[in-house]
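What follows is the content of upload.cif, which has mmCIF, C-alpha atoms:
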```cif
data_upload
loop_
_atom_site.label_atom_id
_atom_site.label_comp_id
_atom_site.auth_asym_id
_atom_site.auth_seq_id
_atom_site.Cartn_x
_atom_site.Cartn_y
_atom_site.Cartn_z
CA MET O 1 -0.28 3.63 4.83
CA HIS O 2 0.76 5.05 1.55
CA ILE O 3 3.89 5.91 -0.38
CA THR O 4 5.00 9.40 -1.31
CA GLU O 5 6.06 10.85 -4.63
CA GLY O 6 9.18 9.45 -6.17
CA VAL O 7 9.14 6.06 -4.50
CA ALA O 8 7.44 4.07 -7.23
CA SER O 9 9.17 3.12 -10.47
CA LEU O 10 7.47 3.59 -13.84
CA PRO O 11 6.18 0.01 -14.23
CA VAL O 12 4.75 0.05 -10.69
CA LEU O 13 3.16 3.45 -11.36
CA ILE O 14 1.54 2.26 -14.57
CA GLY O 15 0.44 -1.08 -13.09
CA GLY O 16 -0.99 0.60 -10.03
CA GLY O 17 -2.73 3.20 -12.16
CA PHE O 18 -4.28 0.54 -14.36
CA ILE O 19 -5.54 -1.59 -11.45
CA SER O 20 -6.87 1.45 -9.60
CA ALA O 21 -8.63 2.76 -12.70
CA THR O 22 -10.29 -0.63 -13.13
CA GLY O 23 -11.30 -0.76 -9.46
CA VAL O 24 -12.70 2.78 -9.58
CA ALA O 25 -14.60 2.02 -12.79
CA ILE O 26 -16.18 -1.11 -11.30
CA GLY O 27 -17.08 0.75 -8.11
CA LEU O 28 -18.63 3.69 -9.97
CA SER O 29 -20.59 1.42 -12.30
CA ARG O 30 -22.25 -0.23 -9.31
CA LEU O 31 -23.09 3.08 -7.64
CA THR O 32 -26.55 4.32 -8.50
CA GLN O 33 -27.29 8.02 -8.66
CA LYS O 34 -29.33 7.58 -5.48
CA LYS O 35 -26.30 6.45 -3.51
CA ILE O 36 -23.53 8.66 -4.80
CA ILE O 37 -24.02 11.62 -2.45
CA ALA O 38 -24.27 9.40 0.64
CA THR O 39 -21.13 7.57 -0.56
CA ALA O 40 -19.35 10.92 -0.81
CA LEU O 41 -20.31 11.78 2.77
CA LEU O 42 -19.06 8.37 3.90
CA ALA O 43 -15.81 8.98 2.01
CA SER O 44 -15.57 12.26 3.90
CA SER O 45 -16.03 10.33 7.16
CA PHE O 46 -13.31 7.93 6.11
CA PHE O 47 -10.95 10.84 5.50
CA VAL O 48 -11.70 12.45 8.87
CA THR O 49 -11.64 9.30 10.97
CA SER O 50 -8.43 8.04 9.38
CA LEU O 51 -6.71 11.01 10.98
CA ILE O 52 -7.54 9.75 14.47
CA HIS O 53 -4.54 8.69 16.56
CA VAL O 54 -4.98 5.76 18.88
CA PRO O 55 -2.45 4.84 21.60
CA VAL O 56 -0.67 1.51 21.05
CA ALA O 57 2.15 1.77 23.60
CA PRO O 58 3.23 4.30 26.21
CA ALA O 59 3.85 7.57 24.34
CA VAL O 60 3.25 5.87 20.99
CA SER O 61 0.13 6.30 18.94
CA LEU O 62 -0.67 5.44 15.38
CA HIS O 63 -3.49 6.38 13.10
CA LEU O 64 -6.06 3.86 12.00
CA LEU O 65 -6.37 2.89 8.35
CA LEU O 66 -10.06 1.97 8.46
CA ASN O 67 -10.01 0.71 4.88
CA GLY O 68 -11.42 -2.62 6.10
CA LEU O 69 -14.37 -0.82 7.65
CA VAL O 70 -14.99 1.23 4.53
CA GLY O 71 -14.73 -1.92 2.45
CA ILE O 72 -17.44 -3.74 4.36
CA ILE O 73 -19.73 -0.71 4.41
CA LEU O 74 -19.39 0.32 0.77
CA GLY O 75 -18.33 -2.85 -1.02
CA TRP O 76 -16.91 -2.12 -4.48
CA ALA O 77 -17.78 1.56 -4.04
CA ALA O 78 -15.01 1.64 -1.42
CA PHE O 79 -12.46 1.76 -4.27
CA PRO O 80 -13.54 5.12 -5.73
CA ALA O 81 -14.26 6.44 -2.22
CA ILE O 82 -10.73 5.58 -1.06
CA VAL O 83 -9.11 6.95 -4.24
CA VAL O 84 -11.02 10.22 -3.80
CA ALA O 85 -9.96 10.42 -0.13
CA LEU O 86 -6.33 9.74 -1.14
CA LEU O 87 -6.46 12.43 -3.84
CA LEU O 88 -7.81 14.98 -1.39
CA SER O 89 -5.31 13.85 1.24
CA ALA O 90 -2.48 14.55 -1.20
CA LEU O 91 -3.87 17.91 -2.30
CA VAL O 92 -4.93 19.26 1.10
CA MET O 93 -2.44 17.67 3.49
CA GLN O 94 0.45 16.43 1.34
CA HIS O 95 -0.08 12.90 2.67
CA GLY O 96 0.73 10.36 -0.02
CA GLY O 97 1.02 11.81 -3.50
CA ILE O 98 -0.63 12.50 -6.84
CA THR O 99 1.70 10.65 -9.20
CA VAL O 100 1.43 7.62 -6.92
CA LEU O 101 -2.35 7.88 -6.57
CA GLY O 102 -2.85 4.72 -8.59
CA VAL O 103 -0.37 2.74 -6.50
CA ASN O 104 -1.79 4.04 -3.22
CA GLY O 105 -5.28 3.30 -4.52
CA VAL O 106 -4.27 -0.33 -4.95
CA VAL O 107 -2.49 -0.47 -1.58
CA MET O 108 -5.52 0.88 0.31
CA GLY O 109 -8.44 0.08 -1.98
CA LEU O 110 -7.75 -3.50 -3.01
CA PRO O 111 -7.68 -4.79 0.59
CA ALA O 112 -10.95 -2.95 1.25
CA VAL O 113 -12.75 -4.69 -1.59
CA THR O 114 -11.03 -8.01 -0.83
CA VAL O 115 -12.27 -8.14 2.76
CA TYR O 116 -15.73 -7.22 1.53
CA LEU O 117 -15.67 -10.16 -0.88
CA LEU O 118 -14.19 -12.52 1.75
CA PHE O 119 -16.32 -11.62 4.76
CA GLY O 120 -19.36 -9.87 3.29
CA ASN O 121 -21.57 -12.93 3.58
CA TRP O 122 -20.79 -13.59 7.24
CA LEU O 123 -21.42 -9.92 8.01
CA LYS O 124 -25.04 -10.31 7.06
CA ILE O 125 -25.56 -12.89 9.82
CA PRO O 126 -26.15 -11.20 13.17
CA GLY O 127 -24.46 -12.54 16.28
CA ARG O 128 -21.07 -14.20 16.52
CA LYS O 129 -20.55 -14.55 12.76
CA ARG O 130 -20.92 -10.79 12.31
CA LYS O 131 -18.46 -10.13 15.17
CA VAL O 132 -15.88 -12.52 13.76
CA ALA O 133 -16.34 -11.20 10.22
CA SER O 134 -15.92 -7.59 11.28
CA PHE O 135 -12.78 -8.34 13.33
CA ALA O 136 -11.37 -10.33 10.42
CA ALA O 137 -12.24 -7.61 7.92
CA GLY O 138 -10.47 -4.95 9.96
CA SER O 139 -7.32 -6.95 10.64
CA VAL O 140 -6.96 -8.71 7.28
CA ALA O 141 -7.34 -5.38 5.47
CA VAL O 142 -4.39 -3.98 7.43
CA LEU O 143 -2.32 -7.11 6.71
CA LEU O 144 -3.05 -6.91 2.97
CA THR O 145 -2.30 -3.18 2.99
CA ALA O 146 1.10 -3.80 4.59
CA ILE O 147 1.90 -6.58 2.11
CA LEU O 148 0.89 -4.50 -0.91
CA LEU O 149 2.84 -1.51 0.41
CA VAL O 150 6.00 -3.59 0.74
CA LEU O 151 5.38 -5.16 -2.68
CA ALA O 152 5.00 -1.75 -4.33
CA MET O 153 8.25 -0.55 -2.78
CA VAL O 154 10.28 -3.70 -3.43
CA LEU O 155 9.07 -4.00 -7.06
CA SER O 156 10.22 -0.41 -7.57
CA ASP O 157 13.68 -0.96 -6.08
CA ARG O 158 15.20 -4.06 -4.48
CA THR O 159 17.00 -1.89 -1.93
CA PHE O 160 13.66 -1.43 -0.15
CA LEU O 161 13.74 -5.09 0.85
CA SER O 162 15.61 -4.08 4.01
CA MET O 163 12.62 -2.00 5.12
CA ALA O 164 10.13 -4.83 4.59
CA PRO O 165 10.45 -6.46 8.04
CA VAL O 166 10.19 -3.07 9.76
CA ILE O 167 7.06 -2.12 7.84
CA LEU O 168 5.37 -5.49 8.36
CA LEU O 169 6.23 -5.56 12.08
CA PHE O 170 4.99 -2.02 12.46
CA HIS O 171 1.58 -3.04 11.12
CA LEU O 172 1.15 -5.98 13.49
CA PRO O 173 -0.29 -4.06 16.47
CA ASN O 174 -2.33 -2.05 13.97
CA MET O 175 -3.94 -5.30 12.75
CA ILE O 176 -5.20 -6.29 16.18
CA ILE O 177 -6.42 -2.83 17.09
CA GLU O 178 -8.22 -2.32 13.79
CA GLY O 179 -9.84 -5.71 14.12
CA VAL O 180 -11.14 -4.78 17.56
CA VAL O 181 -12.20 -1.28 16.52
CA THR O 182 -13.97 -2.52 13.37
CA MET O 183 -15.79 -5.12 15.45
CA TYR O 184 -17.06 -2.47 17.87
CA VAL O 185 -17.96 -0.06 15.07
CA VAL O 186 -20.06 -2.70 13.34
CA GLY O 187 -21.65 -3.62 16.68
CA PHE O 188 -22.60 0.02 17.22
CA MET O 189 -23.98 0.43 13.69
CA GLU O 190 -25.98 -2.79 14.09
CA LYS O 191 -27.83 -1.24 17.01
CA VAL O 192 -28.08 2.38 15.90
CA GLN O 193 -28.29 2.35 12.09
CA PRO O 194 -28.49 -1.21 10.72
CA GLU O 195 -29.36 0.20 7.29
CA LEU O 196 -25.77 1.35 7.00
CA LEU O 197 -24.61 -2.27 6.98
CA GLU O 198 -26.73 -2.96 3.90
CA GLN O 199 -25.30 -0.24 1.70
CA SER O 200 -22.53 -2.24 0.09
CA VAL O 201 -22.60 -2.56 -3.70
CA MET V 202 -14.51 24.47 6.11
CA ILE V 203 -11.19 23.28 4.79
CA GLU V 204 -8.92 26.26 4.31
CA GLU V 205 -7.52 26.32 0.81
CA LYS V 206 -4.63 28.59 1.74
CA PHE V 207 -2.80 28.38 -1.54
CA ALA V 208 -5.86 28.97 -3.70
CA LEU V 209 -6.12 32.62 -2.70
CA GLY V 210 -3.92 34.93 -4.68
CA ASN V 211 -3.45 37.12 -7.70
CA SER V 212 -0.53 35.53 -9.44
CA VAL V 213 -0.59 34.30 -13.00
CA PHE V 214 -0.93 30.74 -11.65
CA HIS V 215 -4.01 31.66 -9.66
CA LYS V 216 -5.65 33.29 -12.68
CA ALA V 217 -4.83 30.59 -15.20
CA ASP V 218 -7.42 28.07 -16.33
CA PRO V 219 -7.13 24.86 -14.26
CA VAL V 220 -7.23 22.82 -17.50
CA VAL V 221 -3.89 24.32 -18.60
CA LYS V 222 -2.36 23.62 -15.21
CA LEU V 223 -3.79 20.08 -15.05
CA VAL V 224 -2.35 19.19 -18.45
CA GLY V 225 0.98 20.75 -17.49
CA ALA V 226 1.02 18.88 -14.20
CA ALA V 227 0.13 15.62 -15.97
CA CYS V 228 3.27 16.04 -18.09
CA LEU V 229 5.71 17.44 -15.54
CA LEU V 230 4.87 15.48 -12.40
CA PRO V 231 5.26 11.90 -13.68
CA PHE V 232 8.34 12.85 -15.73
CA VAL V 233 10.14 14.05 -12.62
CA ALA V 234 8.69 11.37 -10.33
CA VAL V 235 9.91 8.33 -12.29
CA ASN V 236 13.20 9.77 -13.49
CA ASP V 237 16.47 8.54 -12.01
CA ASP V 238 18.60 11.15 -13.74
CA LEU V 239 19.88 13.55 -11.07
CA LYS V 240 20.02 16.43 -13.58
CA VAL V 241 16.31 16.07 -14.38
CA ILE V 242 15.37 15.74 -10.71
CA LEU V 243 17.33 18.86 -9.76
CA MET V 244 15.77 20.74 -12.68
CA GLY V 245 12.33 19.59 -11.48
CA LEU V 246 13.12 20.84 -7.98
CA PHE V 247 14.30 24.14 -9.43
CA PHE V 248 11.06 24.54 -11.39
CA GLY V 249 9.05 23.71 -8.26
CA ILE V 250 10.81 26.43 -6.27
CA PHE V 251 10.59 28.88 -9.18
CA PHE V 252 6.84 28.33 -9.66
CA VAL V 253 6.14 28.67 -5.93
CA LEU V 254 8.00 32.01 -5.91
CA LEU V 255 6.23 33.11 -9.09
CA ALA V 256 2.87 32.26 -7.50
CA SER V 257 3.80 34.47 -4.51
CA LEU V 258 2.73 31.79 -2.06
CA GLU V 259 3.36 32.28 1.64
CA LEU V 260 6.59 30.42 2.25
CA ARG V 261 5.86 29.39 5.82
CA HIS V 262 2.76 27.51 4.68
CA VAL V 263 4.72 25.90 1.85
CA LEU V 264 7.44 24.83 4.29
CA LYS V 265 4.82 23.43 6.68
CA HIS V 266 3.53 21.23 3.88
CA LEU V 267 7.05 20.13 2.96
CA VAL V 268 7.68 19.05 6.56
CA VAL V 269 4.93 16.46 6.19
CA VAL V 270 6.56 15.05 3.05
CA ASN V 271 9.98 14.95 4.68
CA ILE V 272 8.83 13.03 7.74
CA PHE V 273 8.47 9.96 5.53
CA MET V 274 11.88 10.71 4.01
CA PHE V 275 13.32 10.65 7.52
CA PHE V 276 12.28 6.99 7.90
CA LEU V 277 13.97 6.12 4.62
CA TRP V 278 17.16 7.83 5.74
CA ILE V 279 17.44 5.97 9.02
CA VAL V 280 17.08 2.52 7.47
CA LEU V 281 18.28 2.47 3.88
CA PRO V 282 21.88 3.74 4.12
CA PHE V 283 22.81 0.90 6.49
CA SER V 284 21.17 -1.86 4.52
CA GLY V 285 21.84 -3.52 1.25
CA SER V 286 25.01 -4.59 -0.42
CA GLY V 287 27.60 -3.44 -2.83
CA GLU V 288 29.98 -0.54 -2.62
CA VAL V 289 30.53 0.89 0.86
CA LEU V 290 30.94 4.64 1.14
CA TYR V 291 32.31 4.73 4.67
CA TYR V 292 31.94 3.15 8.08
CA PHE V 293 29.78 4.73 10.76
CA GLY V 294 31.15 2.91 13.82
CA PRO V 295 30.42 -0.78 13.28
CA LEU V 296 27.80 -0.03 10.58
CA ALA V 297 28.60 0.18 6.88
CA VAL V 298 27.03 2.98 4.86
CA TYR V 299 26.33 1.66 1.39
CA LYS V 300 26.42 3.79 -1.74
CA LYS V 301 23.10 2.41 -3.06
CA GLY V 302 21.54 2.96 0.36
CA VAL V 303 22.39 6.66 0.16
CA GLU V 304 21.62 7.25 -3.53
CA LEU V 305 18.08 5.94 -3.29
CA PRO V 306 16.82 8.10 -0.38
CA LEU V 307 18.66 11.10 -1.83
CA LEU V 308 16.92 10.81 -5.20
CA ILE V 309 13.56 10.16 -3.55
CA THR V 310 13.94 13.13 -1.17
CA LEU V 311 14.77 15.49 -4.04
CA LYS V 312 11.98 14.09 -6.21
CA ALA V 313 9.36 14.18 -3.46
CA ASN V 314 10.13 17.79 -2.58
CA GLY V 315 10.27 18.87 -6.22
CA VAL V 316 7.00 17.18 -7.13
CA SER V 317 5.29 18.49 -3.98
CA LEU V 318 6.33 22.04 -4.83
CA LEU V 319 5.02 21.57 -8.37
CA ILE V 320 1.73 20.27 -6.99
CA ILE V 321 1.43 23.22 -4.61
CA SER V 322 2.15 25.78 -7.31
CA LEU V 323 0.13 24.17 -10.10
CA LEU V 324 -2.76 22.35 -8.44
CA SER V 325 -3.23 23.97 -5.06
CA THR V 326 -3.47 27.41 -6.65
CA SER V 327 -6.94 26.58 -7.88
CA SER V 328 -9.81 25.67 -5.60
CA VAL V 329 -10.89 22.04 -5.60
CA GLN V 330 -14.19 23.12 -7.18
CA ARG V 331 -12.34 24.67 -10.11
CA LEU V 332 -10.07 21.65 -10.40
CA GLY V 333 -13.14 19.42 -10.50
CA ASN V 334 -14.57 21.50 -13.31
CA GLY V 335 -11.25 21.27 -15.09
CA LEU V 336 -11.22 17.50 -14.71
CA ARG V 337 -14.70 17.38 -16.28
CA GLN V 338 -13.48 19.41 -19.20
CA LEU V 339 -10.68 16.90 -19.67
CA GLY V 340 -13.15 14.04 -19.83
CA VAL V 341 -13.06 12.59 -16.31
CA SER V 342 -16.34 10.85 -15.48
CA VAL V 343 -19.06 12.97 -13.94
CA GLN V 344 -19.63 10.40 -11.19
CA PHE V 345 -16.03 10.54 -10.06
CA THR V 346 -16.06 14.33 -10.14
CA ILE V 347 -19.28 14.56 -8.13
CA LEU V 348 -17.79 12.13 -5.61
CA LEU V 349 -14.64 14.22 -5.40
CA LEU V 350 -16.35 17.59 -5.07
CA THR V 351 -19.01 16.43 -2.61
CA THR V 352 -16.43 14.63 -0.44
CA PHE V 353 -14.34 17.79 -0.32
CA ARG V 354 -17.36 20.01 0.31
CA TYR V 355 -18.32 18.04 3.40
CA LEU V 356 -14.84 17.46 4.83
CA GLY V 357 -15.11 20.52 7.04
CA VAL V 358 -18.63 19.60 8.14
CA ILE V 359 -17.66 16.05 9.11
CA MET V 360 -14.52 17.31 10.87
CA GLN V 361 -16.66 19.61 12.98
CA GLU V 362 -19.06 16.76 13.67
CA TYR V 363 -16.26 14.51 14.85
CA GLY V 364 -14.84 17.39 16.87
CA ARG V 365 -18.17 17.78 18.67
CA LEU V 366 -18.28 14.09 19.53
CA ARG V 367 -14.68 14.12 20.71
CA ARG V 368 -15.28 17.14 22.93
CA ALA V 369 -18.36 15.49 24.40
CA ALA V 370 -16.23 12.46 25.27
CA LYS V 371 -13.55 14.72 26.78
CA LEU V 372 -16.16 16.49 28.89
CA ARG V 373 -17.12 13.09 30.24
CA ARG V 374 -13.48 12.58 31.32
CA PHE V 375 -12.45 10.34 28.44
CA LYS V 376 -8.66 10.09 28.45
CA PRO V 377 -7.07 7.83 25.84
CA GLY V 378 -5.00 5.04 27.33
CA LEU V 379 -3.96 1.49 26.62
CA SER V 380 -7.27 -0.16 27.36
CA LEU V 381 -10.17 -1.85 25.70
CA HIS V 382 -12.34 0.98 26.95
CA THR V 383 -10.27 3.43 24.88
CA TYR V 384 -10.55 1.38 21.70
CA ARG V 385 -14.26 0.86 22.25
CA THR V 386 -14.80 4.59 22.82
CA TYR V 387 -12.86 5.48 19.68
CA ALA V 388 -14.85 2.84 17.80
CA TYR V 389 -18.12 4.40 18.97
CA LEU V 390 -16.88 7.88 18.00
CA ILE V 391 -15.96 6.59 14.54
CA ALA V 392 -19.23 4.71 14.20
CA MET V 393 -21.27 7.75 15.24
CA THR V 394 -19.39 9.91 12.72
CA PHE V 395 -20.20 7.43 9.97
CA VAL V 396 -23.83 7.14 11.06
CA ARG V 397 -24.32 10.92 11.17
CA SER V 398 -22.59 11.45 7.86
CA TYR V 399 -24.70 8.73 6.24
CA GLU V 400 -27.89 10.36 7.49
CA GLN V 401 -26.67 13.75 6.34
CA GLY V 402 -25.75 12.25 2.98
CA ASN V 403 -29.31 11.10 2.46
CA ARG V 404 -30.68 14.50 3.50
CA VAL V 405 -28.29 16.30 1.15
CA ASN V 406 -29.22 13.95 -1.68
CA ASN V 407 -32.94 14.59 -1.14
CA ALA V 408 -32.34 18.35 -0.98
CA MET V 409 -30.36 18.22 -4.22
CA ILE V 410 -33.04 16.16 -5.99
CA MET V 411 -35.65 18.68 -4.92
CA ARG V 412 -33.50 21.35 -6.55
CA GLY V 413 -33.30 19.44 -9.79
CA PHE V 414 -30.12 17.37 -9.38
CA SER V 415 -30.13 14.68 -12.07
CA GLY V 416 -26.76 13.06 -11.53
CA THR V 417 -24.73 15.57 -13.51
CA PHE V 418 -23.70 19.19 -13.42
CA PRO V 419 -22.96 21.63 -16.26
CA ILE V 420 -19.35 22.21 -17.25
CA MET V 421 -18.24 25.79 -16.82
CA ASP V 422 -16.23 26.80 -19.86
CA LEU V 423 -14.20 29.85 -18.93
CA PRO V 424 -13.06 32.25 -21.69
CA SER V 425 -9.33 32.21 -22.40
CA LYS V 426 -7.25 34.93 -20.84
CA ASN V 427 -3.66 36.13 -21.01
CA SER V 428 -2.65 34.16 -17.94
CA ASP V 429 -3.71 30.93 -19.66
CA TYR V 430 -1.26 31.57 -22.52
CA LYS V 431 1.50 32.70 -20.19
CA VAL V 432 1.23 29.67 -17.90
CA GLY V 433 0.74 27.34 -20.87
CA THR V 434 3.89 28.63 -22.51
CA LEU V 435 5.84 28.47 -19.26
CA LEU V 436 4.79 24.85 -18.62
CA ALA V 437 5.48 23.78 -22.21
CA LEU V 438 8.91 25.40 -22.00
CA SER V 439 9.64 23.73 -18.67
CA PHE V 440 8.67 20.34 -20.00
CA THR V 441 10.84 20.84 -23.08
CA ILE V 442 13.79 21.81 -20.90
CA LEU V 443 13.30 18.72 -18.75
CA ILE V 444 13.26 16.46 -21.80
CA ALA V 445 16.34 18.21 -23.18
CA VAL V 446 18.18 17.81 -19.88
CA SER V 447 17.31 14.11 -19.80
CA ILE V 448 18.78 13.58 -23.26
CA ILE V 449 22.04 15.48 -22.71
#
```
Go through the file and emit its structure as structure tokens.
Amino acid sequence: MHITEGVASLPVLIGGGFISATGVAIGLSRLTQKKIIATALLASSFFVTSLIHVPVAPAVSLHLLLNGLVGIILGWAAFPAIVVALLLSALVMQHGGITVLGVNGVVMGLPAVTVYLLFGNWLKIPGRKRKVASFAAGSVAVLLTAILLVLAMVLSDRTFLSMAPVILLFHLPNMIIEGVVTMYVVGFMEKVQPELLEQSV
Amino acid sequence: MIEEKFALGNSVFHKADPVVKLVGAACLLPFVAVNDDLKVILMGLFFGIFFVLLASLELRHVLKHLVVVNIFMFFLWIVLPFSGSGEVLYYFGPLAVYKKGVELPLLITLKANGVSLLIISLLSTSSVQRLGNGLRQLGVSVQFTILLLTTFRYLGVIMQEYGRLRRAAKLRRFKPGLSLHTYRTYAYLIAMTFVRSYEQGNRVNNAMIMRGFSGTFPIMDLPSKNSDYKVGTLLALSFTILIAVSII
């Protein structure tokens, strides 16, 4: 989830920009030349797969965020990958925005790196620990994204406080589904391409 | 391949150097986006419309893009006017419509549309490759630019790849429903997309190294043309007008 142009106030814009720039810089510094092209292709995958709509209720479907998954695959490199995907999303599809790129980068990228730092160790252990870690990574990333989204809006204007419960509630089913999906994705990768689970920087 | 509909054209915006447009956008976009002065926002919207017309862009495509932006606005409009406190504008049945709850979505709607039109006319009128080159000229890191350009280059390829997988699932009678089977199937589709793109990424990297890729690419410095001066002057003038309007 991301905000569109005009929602963020100047302090939020600047703060978001600063944090995103730092996150991108850290991610890029840890990316070797050998990995940058593969990271770009994975960022492309993230863009494409985040457009997928999954049913959550009769006649209701929502699209997956997948920032948790990208976080555990890429590690710190998820930050620049997500910012690039957000920039292209804004340019090509008008999803999100360019002035709010920094803020959206924090809203989507910070949870990705956070779940990598929280659950990265357990992910390396095959079996139940990996399953639990991947479910947790997927769902916690969505929770953090929802919280940061509400924070960005409320810090910009207190009037947005009335939308906070709606936004948080809306993300609840998303949390469970993304946890389940991330768990299955990691399970698949474990069998088909385990090298992919060791790419994080 | 991702269709860059707005990048094809002969207008002065299409011909101008992306660096000029990037600098102009960097000044205009944030100024309009964070402003709460209605005069400035309306002026920004006017400039957005004016530039889109000047760039001779196909209006139905522009409107299609604006629909996307306004879907989010719709959600703001159904919640915000009925929430909050303070001065009440009028009563809609048992619900109170608050002044602050109307002002905020109104300003955001105008801003979002204005900024989106400016983005379409200034940034979308150059291809992403040219924009990437422009970003390099402005000092953006080569790593970020390579990430940006390569991600964009392979968007179409990965979309087709996912499309193939999705069709294969459909041919095997996969119908999305509310079941674990659905989520597992989507998970496997996503996983396979990531796996294939990772493998392709390594192949592309090896192919590039064999062709001399050393982690950087040369910056293309285009000679200045008339359109650069025209667009530069127009953007400088617009920015000056916006500042003047904000002071009045």
Notebook entry, point to check: How would you write, as a PyMOL selection string, the residues chosen by the PyMOL selection byres ((chain V and resi 234-237) around 9) on this structure?
Noted result: (chain O and resi 5-10+13+99-100) or (chain V and resi 229-233+238-242+308-309+312-313+315-316+447)
Next item on the list: Record the distance separating CA of His2 (chain O) and CA of Val396 (chain V), expressed in Å with one decimal.
Entry: 26.4 Å
Can you tell me which residues surround Leu42 (chain O) at a distance of at most 10 Å, considering all atoms listed in the file, apart from same-chain residues fewer than 3 positions away, and format the answer as a JSON list (two decimals) with C-alpha atoms, in the coordinates of the input?
```json
[["chain", "number", "residue", "atom", "x", "y", "z"],
["O", 36, "ILE", "CA", -23.53, 8.66, -4.80],
["O", 37, "ILE", "CA", -24.02, 11.62, -2.45],
["O", 38, "ALA", "CA", -24.27, 9.40, 0.64],
["O", 39, "THR", "CA", -21.13, 7.57, -0.56],
["O", 45, "SER", "CA", -16.03, 10.33, 7.16],
["O", 46, "PHE", "CA", -13.31, 7.93, 6.11],
["O", 47, "PHE", "CA", -10.95, 10.84, 5.50],
["O", 48, "VAL", "CA", -11.70, 12.45, 8.87],
["O", 70, "VAL", "CA", -14.99, 1.23, 4.53],
["O", 73, "ILE", "CA", -19.73, -0.71, 4.41],
["O", 74, "LEU", "CA", -19.39, 0.32, 0.77],
["O", 78, "ALA", "CA", -15.01, 1.64, -1.42],
["O", 81, "ALA", "CA", -14.26, 6.44, -2.22],
["V", 352, "THR", "CA", -16.43, 14.63, -0.44],
["V", 355, "TYR", "CA", -18.32, 18.04, 3.40],
["V", 359, "ILE", "CA", -17.66, 16.05, 9.11],
["V", 394, "THR", "CA", -19.39, 9.91, 12.72],
["V", 395, "PHE", "CA", -20.20, 7.43, 9.97],
["V", 396, "VAL", "CA", -23.83, 7.14, 11.06],
["V", 397, "ARG", "CA", -24.32, 10.92, 11.17],
["V", 398, "SER", "CA", -22.59, 11.45, 7.86],
["V", 399, "TYR", "CA", -24.70, 8.73, 6.24],
["V", 400, "GLU", "CA", -27.89, 10.36, 7.49],
["V", 401, "GLN", "CA", -26.67, 13.75, 6.34],
["V", 402, "GLY", "CA", -25.75, 12.25, 2.98]]
```
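Nearest residue to Ala133 (chain O), choosing from O:Ser50, O:Thr182, O:Thr114, O:Asn174 and counting all atoms listed in the file: O:Thr182.
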Next item on the list: Enumerate, as JSON, numbers by chain, the residues matched when the PyMOL selection byres ((chain V and resi 426) around 12) is run on the file above.
Entry: {"V": [213, 214, 216, 217, 218, 221, 423, 424, 425, 427, 428, 429, 430, 431, 432, 433]}
Next item on the list: Give the answer as one residue: which of V:Arg373, V:Lys301, V:Arg412, V:Arg368 has the shortest atom-to-atom distance to Arg158 (chain O), using all atoms listed in the file?
Entry: V:Lys301
Margin query: Applying the PyMOL selection byres ((chain V and resi 256-264) around 9) to the file I just gave you, which residues come out? Please list them as a VMD selection string.
Written below: chain V and resid 206 to 207 209 to 215 251 to 255 265 to 269 318 321 to 323 326
Check: How far is it from CA of Ser29 (chain O) to CA of Pro80 (chain O), in Å with one decimal?
Finding: 10.3 Å
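Taking CA of Gln199 (chain O) and CA of Ile177 (chain O) as endpoints, the distance between them is 24.5 Å.
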Item checked: Among listed residues O:Met189, O:Leu110, O:Leu151, O:Ala141, nearest chain V (using all atoms listed in the file) ->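 Smallest distance to chain V is found for O:Met189.
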Per residue of region 324-417 of chain V within 12 Å of region 82-90 of chain O, note the shortest atom pair and the distance in Å to one decimal, counting all atoms listed in the file, and order the rows by chain and increasing residue number, as JSON lines.
```
{"residue": "V:Leu324", "atom": "CA", "partner": "O:Ala90", "partner_atom": "CA", "distance": 10.6}
{"residue": "V:Ser325", "atom": "CA", "partner": "O:Ala90", "partner_atom": "CA", "distance": 10.2}
{"residue": "V:Ser328", "atom": "CA", "partner": "O:Leu88", "partner_atom": "CA", "distance": 11.7}
{"residue": "V:Val329", "atom": "CA", "partner": "O:Leu88", "partner_atom": "CA", "distance": 8.8}
{"residue": "V:Gln330", "atom": "CA", "partner": "O:Leu88", "partner_atom": "CA", "distance": 11.9}
{"residue": "V:Leu332", "atom": "CA", "partner": "O:Leu88", "partner_atom": "CA", "distance": 11.4}
{"residue": "V:Gly333", "atom": "CA", "partner": "O:Leu88", "partner_atom": "CA", "distance": 11.5}
{"residue": "V:Gln344", "atom": "CA", "partner": "O:Val84", "partner_atom": "CA", "distance": 11.3}
{"residue": "V:Phe345", "atom": "CA", "partner": "O:Val84", "partner_atom": "CA", "distance": 8.0}
{"residue": "V:Thr346", "atom": "CA", "partner": "O:Val84", "partner_atom": "CA", "distance": 9.1}
{"residue": "V:Ile347", "atom": "CA", "partner": "O:Val84", "partner_atom": "CA", "distance": 10.3}
{"residue": "V:Leu348", "atom": "CA", "partner": "O:Val84", "partner_atom": "CA", "distance": 7.3}
{"residue": "V:Leu349", "atom": "CA", "partner": "O:Val84", "partner_atom": "CA", "distance": 5.6}
{"residue": "V:Leu350", "atom": "CA", "partner": "O:Val84", "partner_atom": "CA", "distance": 9.2}
{"residue": "V:Thr351", "atom": "CA", "partner": "O:Val84", "partner_atom": "CA", "distance": 10.2}
{"residue": "V:Thr352", "atom": "CA", "partner": "O:Ala85", "partner_atom": "CA", "distance": 7.7}
{"residue": "V:Phe353", "atom": "CA", "partner": "O:Leu88", "partner_atom": "CA", "distance": 7.2}
{"residue": "V:Arg354", "atom": "CA", "partner": "O:Leu88", "partner_atom": "CA", "distance": 10.9}
{"residue": "V:Tyr355", "atom": "CA", "partner": "O:Ala85", "partner_atom": "CA", "distance": 11.8}
{"residue": "V:Leu356", "atom": "CA", "partner": "O:Leu88", "partner_atom": "CA", "distance": 9.7}
```
